[in-house]
>>> print(open('final.txt').read())   # compact mmCIF, C-alpha atoms
# COMPACT_ATOMS: atom_id res chain seq x y z
CA MET A 824 51.96 89.13 91.12
CA ASN A 825 51.18 85.43 90.80
CA LYS A 826 52.56 83.54 93.84
CA ASN A 827 52.05 80.17 92.14
CA SER A 828 54.37 81.18 89.30
CA ILE A 829 57.06 82.12 91.83
CA ILE A 830 56.64 78.81 93.72
CA VAL A 831 56.83 76.82 90.48
CA THR A 832 60.03 78.68 89.53
CA ILE A 833 61.56 77.98 92.96
CA LYS A 834 60.75 74.25 92.67
CA LYS A 835 62.17 74.10 89.15
CA GLU A 836 65.45 75.72 90.20
CA LEU A 837 65.85 73.52 93.29
CA ARG A 838 65.25 70.39 91.20
CA SER A 839 67.87 71.64 88.74
CA MET A 840 70.30 72.17 91.62
CA ILE A 841 69.85 68.60 92.89
CA ARG A 842 70.33 67.23 89.35
CA ASP A 843 73.43 69.39 88.82
CA LYS A 844 76.17 67.38 90.56
CA LYS A 845 78.66 70.27 90.59
CA THR A 846 76.29 72.63 92.41
CA PHE A 847 75.03 69.92 94.74
CA ILE A 848 78.57 68.78 95.70
CA THR A 849 79.63 72.40 96.31
CA LEU A 850 76.59 72.87 98.53
CA LEU A 851 77.36 69.87 100.72
CA VAL A 852 81.09 69.21 100.48
CA PHE A 853 82.61 72.68 100.98
CA PRO A 854 81.23 73.13 104.55
CA ILE A 855 82.94 69.81 105.48
CA LEU A 856 86.25 71.67 105.18
CA ILE A 857 85.29 73.66 108.29
CA PRO A 858 85.73 70.84 110.88
CA VAL A 859 88.86 69.66 109.05
CA MET A 860 90.34 73.14 109.42
CA ILE A 861 89.28 73.48 113.09
CA PHE A 862 90.81 70.15 114.11
CA LEU A 863 93.95 70.80 112.06
CA TYR A 864 94.61 74.23 113.60
CA SER A 865 93.78 72.94 117.08
CA TYR A 866 96.25 70.09 116.63
CA ILE A 867 98.98 72.45 115.36
CA TYR A 868 98.51 74.93 118.22
CA ASP A 869 98.33 72.11 120.75
CA ASN A 870 101.68 70.77 119.61
CA GLN A 871 103.21 74.24 119.57
CA SER A 872 102.03 74.90 123.12
CA LYS A 873 103.69 71.74 124.43
CA GLU A 874 107.01 72.25 126.17
CA LYS A 875 109.88 70.97 124.04
CA TYR A 876 112.92 69.56 125.78
CA TYR A 877 116.37 69.75 124.16
CA ASN A 878 118.91 66.96 124.58
CA ILE A 879 122.43 68.15 125.30
CA ALA A 880 125.65 66.21 125.84
CA ILE A 881 127.87 66.96 128.85
CA ASN A 882 131.18 65.57 130.19
CA TYR A 883 130.58 66.30 133.88
CA LYS A 884 128.32 65.05 136.63
CA THR A 885 125.40 67.26 137.69
CA ASN A 886 124.24 67.74 141.27
CA THR A 887 120.68 67.99 142.59
CA THR A 888 120.57 71.79 142.18
CA GLU A 889 121.78 71.61 138.57
CA LYS A 890 119.26 68.89 137.71
CA ALA A 891 116.40 71.05 138.99
CA ILE A 892 117.64 74.08 136.98
CA LEU A 893 118.13 71.97 133.83
CA LYS A 894 114.55 70.73 134.08
CA GLU A 895 113.22 74.28 134.46
CA CYS A 896 115.25 75.28 131.39
CA ASN A 897 113.75 72.47 129.25
CA LEU A 898 117.07 70.63 129.00
CA LYS A 899 117.82 66.91 129.22
CA THR A 900 121.44 65.85 129.63
CA LYS A 901 123.34 62.83 128.35
CA TYR A 902 126.70 62.10 130.00
CA TYR A 903 129.73 61.26 127.83
CA LYS A 904 133.26 60.54 129.05
CA ASN A 905 135.14 62.54 126.42
CA LEU A 906 134.78 65.29 123.81
CA SER A 907 134.99 62.96 120.77
CA ASP A 908 131.96 60.95 121.95
CA MET A 909 129.96 64.16 122.35
CA LYS A 910 130.96 65.26 118.83
CA ASP A 911 129.74 61.93 117.41
CA ALA A 912 126.44 62.26 119.29
CA TYR A 913 125.97 65.76 117.83
CA LYS A 914 126.80 64.60 114.27
CA LYS A 915 124.28 61.77 114.61
CA GLN A 916 121.70 64.38 115.82
CA VAL A 917 121.27 62.59 119.13
CA VAL A 918 121.82 65.93 120.88
CA SER A 919 121.20 69.54 119.88
CA ALA A 920 124.39 70.80 121.54
CA TYR A 921 127.23 69.65 123.78
CA ILE A 922 129.10 71.26 126.68
CA ASP A 923 132.78 70.68 127.37
CA TYR A 924 133.64 71.60 130.95
CA ASP A 925 137.27 72.35 131.91
CA TYR A 926 137.62 71.58 135.63
CA LYS A 927 140.93 73.45 135.97
CA LYS A 928 139.81 76.66 134.28
CA LYS A 929 136.21 76.28 135.49
CA GLU A 930 135.10 77.08 131.97
CA TYR A 931 132.10 75.78 130.00
CA LYS A 932 132.38 75.61 126.20
CA ILE A 933 129.06 75.29 124.37
CA TYR A 934 129.16 73.70 120.91
CA THR A 935 126.17 74.02 118.60
CA ASN A 936 124.97 75.57 115.35
CA LYS A 937 123.42 78.88 116.41
CA ASP A 938 122.15 79.53 112.88
CA SER A 939 119.70 76.61 113.16
CA GLU A 940 116.41 76.92 115.07
CA GLU A 941 117.33 73.90 117.21
CA GLY A 942 120.77 75.33 118.02
CA MET A 943 119.44 78.82 118.74
CA TYR A 944 116.89 77.59 121.31
CA ALA A 945 119.34 75.12 122.85
CA THR A 946 121.94 77.89 123.29
CA ASN A 947 119.42 80.21 124.96
CA TYR A 948 118.32 77.50 127.39
CA ILE A 949 121.91 76.46 128.15
CA THR A 950 123.04 80.02 128.92
CA THR A 951 119.97 80.51 131.14
CA TYR A 952 120.82 77.30 132.99
CA LEU A 953 124.47 78.30 133.51
CA GLU A 954 123.61 81.85 134.62
CA THR A 955 120.98 80.53 137.06
CA TYR A 956 123.40 77.95 138.45
CA ASN A 957 126.10 80.62 138.78
CA ASN A 958 123.70 82.78 140.83
CA GLN A 959 122.84 79.80 143.02
CA LEU A 960 126.54 79.23 143.74
CA ALA A 961 126.97 82.93 144.53
CA LYS A 962 124.08 82.77 147.01
CA LEU A 963 125.61 79.74 148.71
CA TYR A 964 128.92 81.60 149.02
CA LEU A 965 127.28 84.71 150.47
CA THR A 966 125.29 82.62 152.93
CA GLY A 967 128.54 81.00 154.07
CA GLU A 968 129.98 84.47 154.68
CA ASP A 969 126.92 85.42 156.78
CA ILE A 970 125.77 87.95 154.17
CA ASP A 971 122.04 88.42 153.63
CA THR A 972 121.47 87.32 150.00
CA LYS A 973 118.18 89.26 149.84
CA GLN A 974 120.09 92.54 150.10
CA VAL A 975 122.27 91.49 147.16
CA TYR A 976 119.76 89.81 144.81
CA ASP A 977 116.21 90.75 145.87
CA ASN A 978 116.45 94.48 145.07
CA PHE A 979 113.07 94.62 143.36
CA LYS A 980 110.03 92.50 142.47
CA TYR A 981 107.89 92.30 139.36
CA LYS A 982 104.66 90.64 138.30
CA ILE A 983 102.86 90.30 134.99
CA ILE A 984 99.34 91.74 134.70
CA ASP A 985 97.32 89.99 132.02
CA LEU A 986 95.27 92.66 130.26
CA ASP A 987 91.93 91.71 128.73
CA GLY A 988 92.36 91.44 124.98
CA GLU A 989 91.85 89.24 121.94
CA ASN A 990 92.83 85.60 122.31
CA PHE A 991 95.00 85.03 119.25
CA ILE A 992 94.28 81.30 118.90
CA LEU A 993 90.52 81.63 119.33
CA ASN A 994 90.48 84.68 117.05
CA MET A 995 92.34 82.74 114.34
CA ILE A 996 90.09 79.66 114.50
CA PHE A 997 86.90 81.74 114.65
CA SER A 998 87.90 84.07 111.82
CA ILE A 999 88.68 81.17 109.47
CA SER A 1000 85.64 79.08 110.54
CA PHE A 1001 83.08 81.84 110.09
CA THR A 1002 84.74 83.07 106.91
CA TYR A 1003 84.25 79.54 105.55
CA ILE A 1004 80.53 79.72 106.42
CA ILE A 1005 80.15 82.95 104.44
CA MET A 1006 82.27 81.46 101.65
CA ALA A 1007 79.90 78.47 101.59
CA ILE A 1008 77.03 80.94 101.08
CA VAL A 1009 78.98 82.66 98.30
CA LEU A 1010 79.78 79.40 96.50
CA ALA A 1011 76.22 78.09 96.84
CA SER A 1012 74.66 81.37 95.66
CA THR A 1013 77.05 81.94 92.74
CA ASN A 1014 76.68 78.35 91.50
CA MET A 1015 72.90 78.52 91.82
CA ALA A 1016 72.73 81.98 90.24
CA SER A 1017 74.96 80.85 87.36
CA SER A 1018 72.77 77.81 86.75
CA ALA A 1019 69.53 79.79 87.07
CA THR A 1020 70.50 82.65 84.76
CA ALA A 1021 73.69 82.32 82.70
CA VAL A 1022 73.23 78.62 81.84
CA GLU A 1023 69.64 79.23 80.72
CA LYS A 1024 70.81 82.13 78.55
CA GLU A 1025 73.54 79.91 77.11
CA ASN A 1026 71.07 77.08 76.39
CA GLY A 1027 68.34 79.42 75.16
CA THR A 1028 65.79 78.08 77.68
CA LEU A 1029 65.14 81.47 79.27
CA GLU A 1030 63.15 82.61 76.24
CA THR A 1031 61.07 79.42 76.38
CA LEU A 1032 60.25 80.05 80.05
CA LEU A 1033 58.85 83.48 79.20
CA THR A 1034 56.33 81.90 76.81
CA PHE A 1035 54.65 80.43 79.89
CA PRO A 1036 52.20 82.52 81.98
CA VAL A 1037 54.98 84.08 84.08
CA THR A 1038 56.30 87.63 84.08
CA ALA A 1039 60.00 88.54 84.10
CA LYS A 1040 59.53 89.92 87.63
CA GLU A 1041 57.96 86.68 88.92
CA LEU A 1042 60.65 84.66 87.20
CA ILE A 1043 63.56 86.57 88.72
CA ILE A 1044 61.98 86.64 92.21
CA GLY A 1045 61.53 82.87 91.99
CA LYS A 1046 65.14 82.40 90.92
CA TYR A 1047 66.31 84.74 93.67
CA LEU A 1048 64.38 82.86 96.38
CA ALA A 1049 65.67 79.51 95.08
CA THR A 1050 69.21 80.90 95.34
CA VAL A 1051 68.47 82.11 98.88
CA ILE A 1052 67.24 78.64 99.88
CA SER A 1053 70.41 76.95 98.56
CA SER A 1054 72.54 79.54 100.40
CA ILE A 1055 70.63 78.99 103.65
CA VAL A 1056 71.12 75.22 103.39
CA ALA A 1057 74.88 75.69 102.85
CA SER A 1058 75.14 78.16 105.74
CA MET A 1059 73.17 75.95 108.14
CA ILE A 1060 75.37 72.95 107.33
CA GLY A 1061 78.43 75.16 107.86
CA LEU A 1062 77.12 76.61 111.15
CA ILE A 1063 76.19 73.19 112.58
CA LEU A 1064 79.60 71.76 111.63
CA THR A 1065 81.41 74.80 113.05
CA VAL A 1066 79.61 74.78 116.41
CA SER A 1067 79.87 71.00 116.86
CA SER A 1068 83.53 70.90 115.74
CA ILE A 1069 84.60 73.68 118.11
CA LEU A 1070 82.75 71.99 120.98
CA VAL A 1071 84.46 68.66 120.24
CA ALA A 1072 87.85 70.38 119.79
CA SER A 1073 87.46 72.29 123.08
CA LEU A 1074 87.03 68.98 124.91
CA ASN A 1075 89.98 67.27 123.25
CA PHE A 1076 92.65 69.93 122.75
CA LYS A 1077 94.49 71.71 125.55
CA VAL A 1078 94.76 74.83 123.42
CA PHE A 1079 91.14 75.70 124.35
CA LYS A 1080 91.87 75.63 128.07
CA ASP A 1081 90.84 78.89 129.82
CA ILE A 1082 89.26 80.20 126.58
CA SER A 1083 85.73 81.56 126.87
CA ILE A 1084 83.45 80.13 124.16
CA SER A 1085 79.77 81.08 124.09
CA PHE A 1086 77.44 78.46 122.61
CA SER A 1087 74.26 79.45 124.40
CA VAL A 1088 70.74 79.24 122.92
CA GLN A 1089 70.91 83.01 122.37
CA SER A 1090 74.22 82.91 120.48
CA ILE A 1091 73.11 79.99 118.28
CA PHE A 1092 69.80 81.73 117.51
CA LEU A 1093 71.61 84.94 116.58
CA GLY A 1094 74.09 82.92 114.51
CA VAL A 1095 71.20 81.37 112.53
CA VAL A 1096 69.60 84.79 111.96
CA ILE A 1097 72.92 86.25 110.77
CA CYS A 1098 73.34 83.36 108.31
CA LEU A 1099 69.80 84.03 107.01
CA ALA A 1100 70.60 87.73 106.57
CA ALA A 1101 73.88 86.92 104.79
CA SER A 1102 72.07 84.46 102.49
CA LEU A 1103 69.43 87.05 101.54
CA PHE A 1104 72.00 89.69 100.63
CA ILE A 1105 74.74 87.56 99.03
CA SER A 1106 72.21 85.63 96.89
CA GLY A 1107 70.87 88.88 95.47
CA LEU A 1108 74.38 90.24 94.97
CA ALA A 1109 75.40 87.05 93.15
CA ILE A 1110 72.48 87.32 90.71
CA ALA A 1111 73.18 91.04 90.18
CA ILE A 1112 76.86 90.41 89.39
CA ILE A 1113 76.08 87.47 87.09
CA SER A 1114 73.17 89.25 85.33
CA PHE A 1115 75.31 90.34 82.37
CA ALA A 1116 77.04 86.96 81.89
CA LYS A 1117 76.05 85.06 78.74
CA THR A 1118 77.71 81.72 79.60
CA TYR A 1119 78.42 79.63 82.70
CA LYS A 1120 82.16 80.25 82.34
CA GLU A 1121 81.58 84.01 82.13
CA ALA A 1122 79.35 83.86 85.21
CA GLN A 1123 81.99 82.01 87.25
CA SER A 1124 84.62 84.59 86.29
CA SER A 1125 82.30 87.45 87.25
CA SER A 1126 81.51 85.91 90.63
CA GLN A 1127 85.18 85.56 91.65
CA VAL A 1128 85.07 89.10 93.03
CA LEU A 1129 82.61 87.91 95.69
CA SER A 1130 85.00 85.17 96.83
CA ILE A 1131 87.82 87.71 97.12
CA ILE A 1132 85.66 90.10 99.19
CA THR A 1133 84.80 87.21 101.55
CA ILE A 1134 88.46 86.65 102.45
CA ILE A 1135 89.07 90.31 103.44
CA PRO A 1136 87.48 90.05 106.95
CA MET A 1137 89.67 87.04 107.74
CA MET A 1138 92.81 88.95 106.73
CA ILE A 1139 91.74 91.97 108.82
CA SER A 1140 91.18 89.69 111.81
CA ILE A 1141 94.53 87.89 111.42
CA LEU A 1142 96.41 91.19 111.05
CA GLY A 1143 94.75 92.44 114.23
CA ILE A 1144 93.38 95.65 112.71
CA LYS A 1145 91.10 97.47 115.15
CA ILE A 1146 87.40 97.16 114.32
CA THR A 1147 85.19 100.25 114.61
CA THR A 1148 81.39 100.58 114.59
CA ILE A 1149 81.42 101.63 110.91
CA TYR A 1150 82.87 98.22 110.02
CA TYR A 1151 79.50 96.64 110.87
CA LEU A 1152 77.90 98.53 107.98
CA ILE A 1153 80.23 96.97 105.39
CA PRO A 1154 78.34 94.15 103.65
CA VAL A 1155 79.83 90.61 103.73
CA ALA A 1156 82.62 91.66 106.14
CA ASN A 1157 80.08 92.52 108.86
CA TYR A 1158 78.57 89.01 108.88
CA VAL A 1159 81.89 87.32 109.61
CA GLN A 1160 82.75 89.82 112.34
CA LEU A 1161 79.35 89.60 113.99
CA LEU A 1162 79.49 85.78 114.08
CA MET A 1163 82.93 86.01 115.70
CA ASP A 1164 81.63 88.50 118.28
CA ILE A 1165 78.55 86.48 119.22
CA PHE A 1166 80.35 83.15 119.69
CA SER A 1167 83.17 84.69 121.72
CA SER A 1168 80.84 86.28 124.31
CA LYS A 1169 80.98 89.81 122.85
CA ILE A 1170 77.34 90.45 122.05
CA ASN A 1171 76.84 94.11 121.23
CA TYR A 1172 73.22 94.87 120.38
CA LEU A 1173 74.10 98.14 118.63
CA ASN A 1174 76.35 96.27 116.19
CA ILE A 1175 73.69 93.57 115.68
CA MET A 1176 71.09 96.24 114.95
CA LEU A 1177 73.43 98.00 112.48
CA VAL A 1178 74.03 94.74 110.60
CA PHE A 1179 70.33 93.86 110.32
CA ILE A 1180 69.17 97.37 109.38
CA SER A 1181 71.92 97.71 106.77
CA THR A 1182 71.09 94.23 105.40
CA ILE A 1183 67.42 95.15 104.91
CA PHE A 1184 68.54 98.30 103.08
CA TYR A 1185 71.09 96.43 100.91
CA VAL A 1186 68.66 93.61 100.07
CA TYR A 1187 65.99 96.14 99.03
CA ILE A 1188 68.45 97.89 96.72
CA VAL A 1189 69.79 94.63 95.23
CA ILE A 1190 66.35 93.11 94.55
CA ASN A 1191 65.09 96.28 92.89
CA TYR A 1192 68.28 96.47 90.84
CA ILE A 1193 67.86 92.84 89.68
CA ILE A 1194 64.21 93.36 88.71
CA LYS A 1195 65.11 96.54 86.81
CA GLN A 1196 68.02 94.84 85.04
CA TYR A 1197 65.96 91.83 83.99
CA LYS A 1198 63.38 94.07 82.34
CA SER A 1199 66.09 94.84 79.82
CA GLU A 1200 66.22 92.47 76.83
CA ARG A 1201 70.00 92.93 76.71
CA VAL A 1202 70.29 91.42 80.18
CA LEU A 1203 67.44 88.94 79.88
CA PHE A 1204 68.58 87.37 76.62
CA GLY A 1205 72.25 88.33 76.67
CA GLU A 1206 71.94 90.33 73.49
>>> encode(input="final.txt", output="structure tokens")
Amino acid sequence: MNKNSIIVTIKKELRSMIRDKKTFITLLVFPILIPVMIFLYSYIYDNQSKEKYYNIAINYKTNTTEKAILKECNLKTKYYKNLSDMKDAYKKQVVSAYIDYDYKKKEYKIYTNKDSEEGMYATNYITTYLETYNNQLAKLYLTGEDIDTKQVYDNFKYKIIDLDGENFILNMIFSISFTYIIMAIVLASTNMASSATAVEKENGTLETLLTFPVTAKELIIGKYLATVISSIVASMIGLILTVSSILVASLNFKVFKDISISFSVQSIFLGVVICLAASLFISGLAIAIISFAKTYKEAQSSSQVLSIITIIPMMISILGIKITTIYYLIPVANYVQLLMDIFSSKINYLNIMLVFISTIFYVYIVINYIIKQYKSERVLFGE
């Protein structure tokens, strides 16, 4: 095998990639979506985690005890002298609900639209406030009657034990971020593979290449390695943007508080190696899938299956399906999961070993399949 022929082929394909604006833009622009997504989700979760206070209208004066309870129940009150003023405030959406208190009957009437989200939450908070205040009044009465309130109310205690499990927010951000890295590899490899094989078949330049002192095997290995290089570039851009974006987000968004994120030298090194492994396999798979395509359009249609497969790990992660050891043998899906594990302080060397051993096996099969396929004139020339 002539190494110079392979190197020349690699250089030719990389030059073609740089000249091809569509492939070059895909290589560089798609990974930029990763920080956009990270900051967007962090912002959304940050806003959702903030305590929302509901404005309610009342026609009675509140005491110090009530004010404390109202604050705990996320309620802010606005005082109005009569019922008609409270109705107007509700219609103008100044308040989410209003309470009409009848001093004679000692009765509170809560007015709101329970079918709306605003009304539903406001009602729940108002009833909690009234029930809490009612209990406080009962305790004051019992104390006045020299009755021990602990015997009446403190019959039992409870506490919440936080079990160690998946952090939903971190799991969501990680699953989407690392899926995007693998998707960047898929897009880079399929575009490069389409340009290197299907486009040359369509233009008839593949036959011309074979008139040069290069064998079909050297040609396809050169094209494969060029595809691997473009995939590695895309994955490295994606990985750098992901790590830096999560670090920046963790310093600026409260949603990352108390979340363990591992960006050690070891985790970054393993992340790089995983991206290399994913690039080696996915590049070969892209060429194998596109090998029968005669045109660029046909090649893009054929490669859509790879994009669909890439999304599956993200869906599994979002749905919270339990991951077993066998999962780490499933190509494409295992790369996303392993990246998530490593950067969330869950390094399992057995799973890492399974991924790398299986990748070597899959890459060997794919490369041999490509070489065998491209010995066929039907595949080589699209006949």
>>> closest_atom_pairs(input="final.txt", of="region 1136-1178 of chain A", to="region 1104-1124 of chain A", cutoff="12 Å", atoms="all atoms listed in the file", output="tab-separated table")
residue	atom	partner	partner_atom	distance
A:Ile1153	CA	A:Phe1104	CA	12.0
A:Pro1154	CA	A:Phe1104	CA	8.3
A:Val1155	CA	A:Ile1105	CA	7.6
A:Ala1156	CA	A:Ile1105	CA	11.4
A:Asn1157	CA	A:Phe1104	CA	11.9
A:Tyr1158	CA	A:Phe1104	CA	10.6
A:Val1178	CA	A:Phe1104	CA	11.4
>>> residues_around(input="final.txt", residues="Ile1069 (chain A)", least_positions_apart="2", cutoff="12 Å", atoms="all atoms listed in the file", output="compact mmCIF listing (two decimals) with C-alpha atoms, keeping the file's coordinate frame")
# COMPACT_ATOMS: atom_id res chain seq x y z
CA ILE A 857 85.29 73.66 108.29
CA PRO A 858 85.73 70.84 110.88
CA VAL A 859 88.86 69.66 109.05
CA MET A 860 90.34 73.14 109.42
CA ILE A 861 89.28 73.48 113.09
CA PHE A 862 90.81 70.15 114.11
CA LEU A 863 93.95 70.80 112.06
CA TYR A 864 94.61 74.23 113.60
CA SER A 865 93.78 72.94 117.08
CA LEU A 993 90.52 81.63 119.33
CA ILE A 996 90.09 79.66 114.50
CA PHE A 997 86.90 81.74 114.65
CA SER A 1000 85.64 79.08 110.54
CA PHE A 1001 83.08 81.84 110.09
CA LEU A 1062 77.12 76.61 111.15
CA ILE A 1063 76.19 73.19 112.58
CA LEU A 1064 79.60 71.76 111.63
CA THR A 1065 81.41 74.80 113.05
CA VAL A 1066 79.61 74.78 116.41
CA SER A 1067 79.87 71.00 116.86
CA VAL A 1071 84.46 68.66 120.24
CA ALA A 1072 87.85 70.38 119.79
CA SER A 1073 87.46 72.29 123.08
CA LEU A 1074 87.03 68.98 124.91
CA ASN A 1075 89.98 67.27 123.25
CA PHE A 1076 92.65 69.93 122.75
CA VAL A 1078 94.76 74.83 123.42
CA PHE A 1079 91.14 75.70 124.35
CA ILE A 1082 89.26 80.20 126.58
CA SER A 1083 85.73 81.56 126.87
CA ILE A 1084 83.45 80.13 124.16
CA SER A 1085 79.77 81.08 124.09
CA PHE A 1086 77.44 78.46 122.61
CA PHE A 1166 80.35 83.15 119.69
CA SER A 1167 83.17 84.69 121.72
>>> atom_distance(input="final.txt", atom1="CA of Ile1008 (chain A)", atom2="CA of Ser1054 (chain A)")
4.8 Å
>>> closest_residue(input="final.txt", among="A:Val1056, A:Ile1139, A:Leu856, A:Ile829", to="Tyr1003 (chain A)", atoms="all atoms listed in the file")
A:Leu856
>>> closest_residue(input="final.txt", among="A:Leu1042, A:Ile1165, A:Leu1048, A:Val1186", to="Met1015 (chain A)", atoms="all atoms listed in the file")
A:Leu1048
>>> closest_residue(input="final.txt", among="A:Tyr964, A:Gln959, A:Tyr876, A:Gln1160", to="Ile999 (chain A)", atoms="all atoms listed in the file")
A:Gln1160
>>> atom_distance(input="final.txt", atom1="CA of Met1138 (chain A)", atom2="CA of Tyr868 (chain A)")
19.0 Å
>>> atom_distance(input="final.txt", atom1="CA of Gln1089 (chain A)", atom2="CA of Thr1148 (chain A)")
21.9 Å
>>> closest_residue(input="final.txt", among="A:Met1176, A:Ile1052, A:Ala880, A:Ala891", to="Leu906 (chain A)", atoms="only C-alpha atoms")
A:Ala880
>>> residues_around(input="final.txt", residues="region 1170-1172 of chain A", least_positions_apart="6", cutoff="9 Å", atoms="all atoms listed in the file", output="list in words")
Ser1090, Leu1161 and Asp1164 of chain A
>>> closest_residue(input="final.txt", among="A:Leu1173, A:Ile1004, A:Ile1144, A:Ile867", to="Leu1099 (chain A)", atoms="all atoms listed in the file")
A:Ile1004
>>> closest_residue(input="final.txt", among="A:Tyr1192, A:Tyr1047, A:Phe1179, A:Tyr944", to="Ile833 (chain A)", atoms="only C-alpha atoms")
A:Tyr1047
>>> axis_aligned_box(input="final.txt", around="region 1160-1168 of chain A", padding_each_side="6 Å", output="JSON")
{"center_x": 80.9, "center_y": 86.5, "center_z": 118.3, "size_x": 16.6, "size_y": 18.7, "size_z": 24.0}
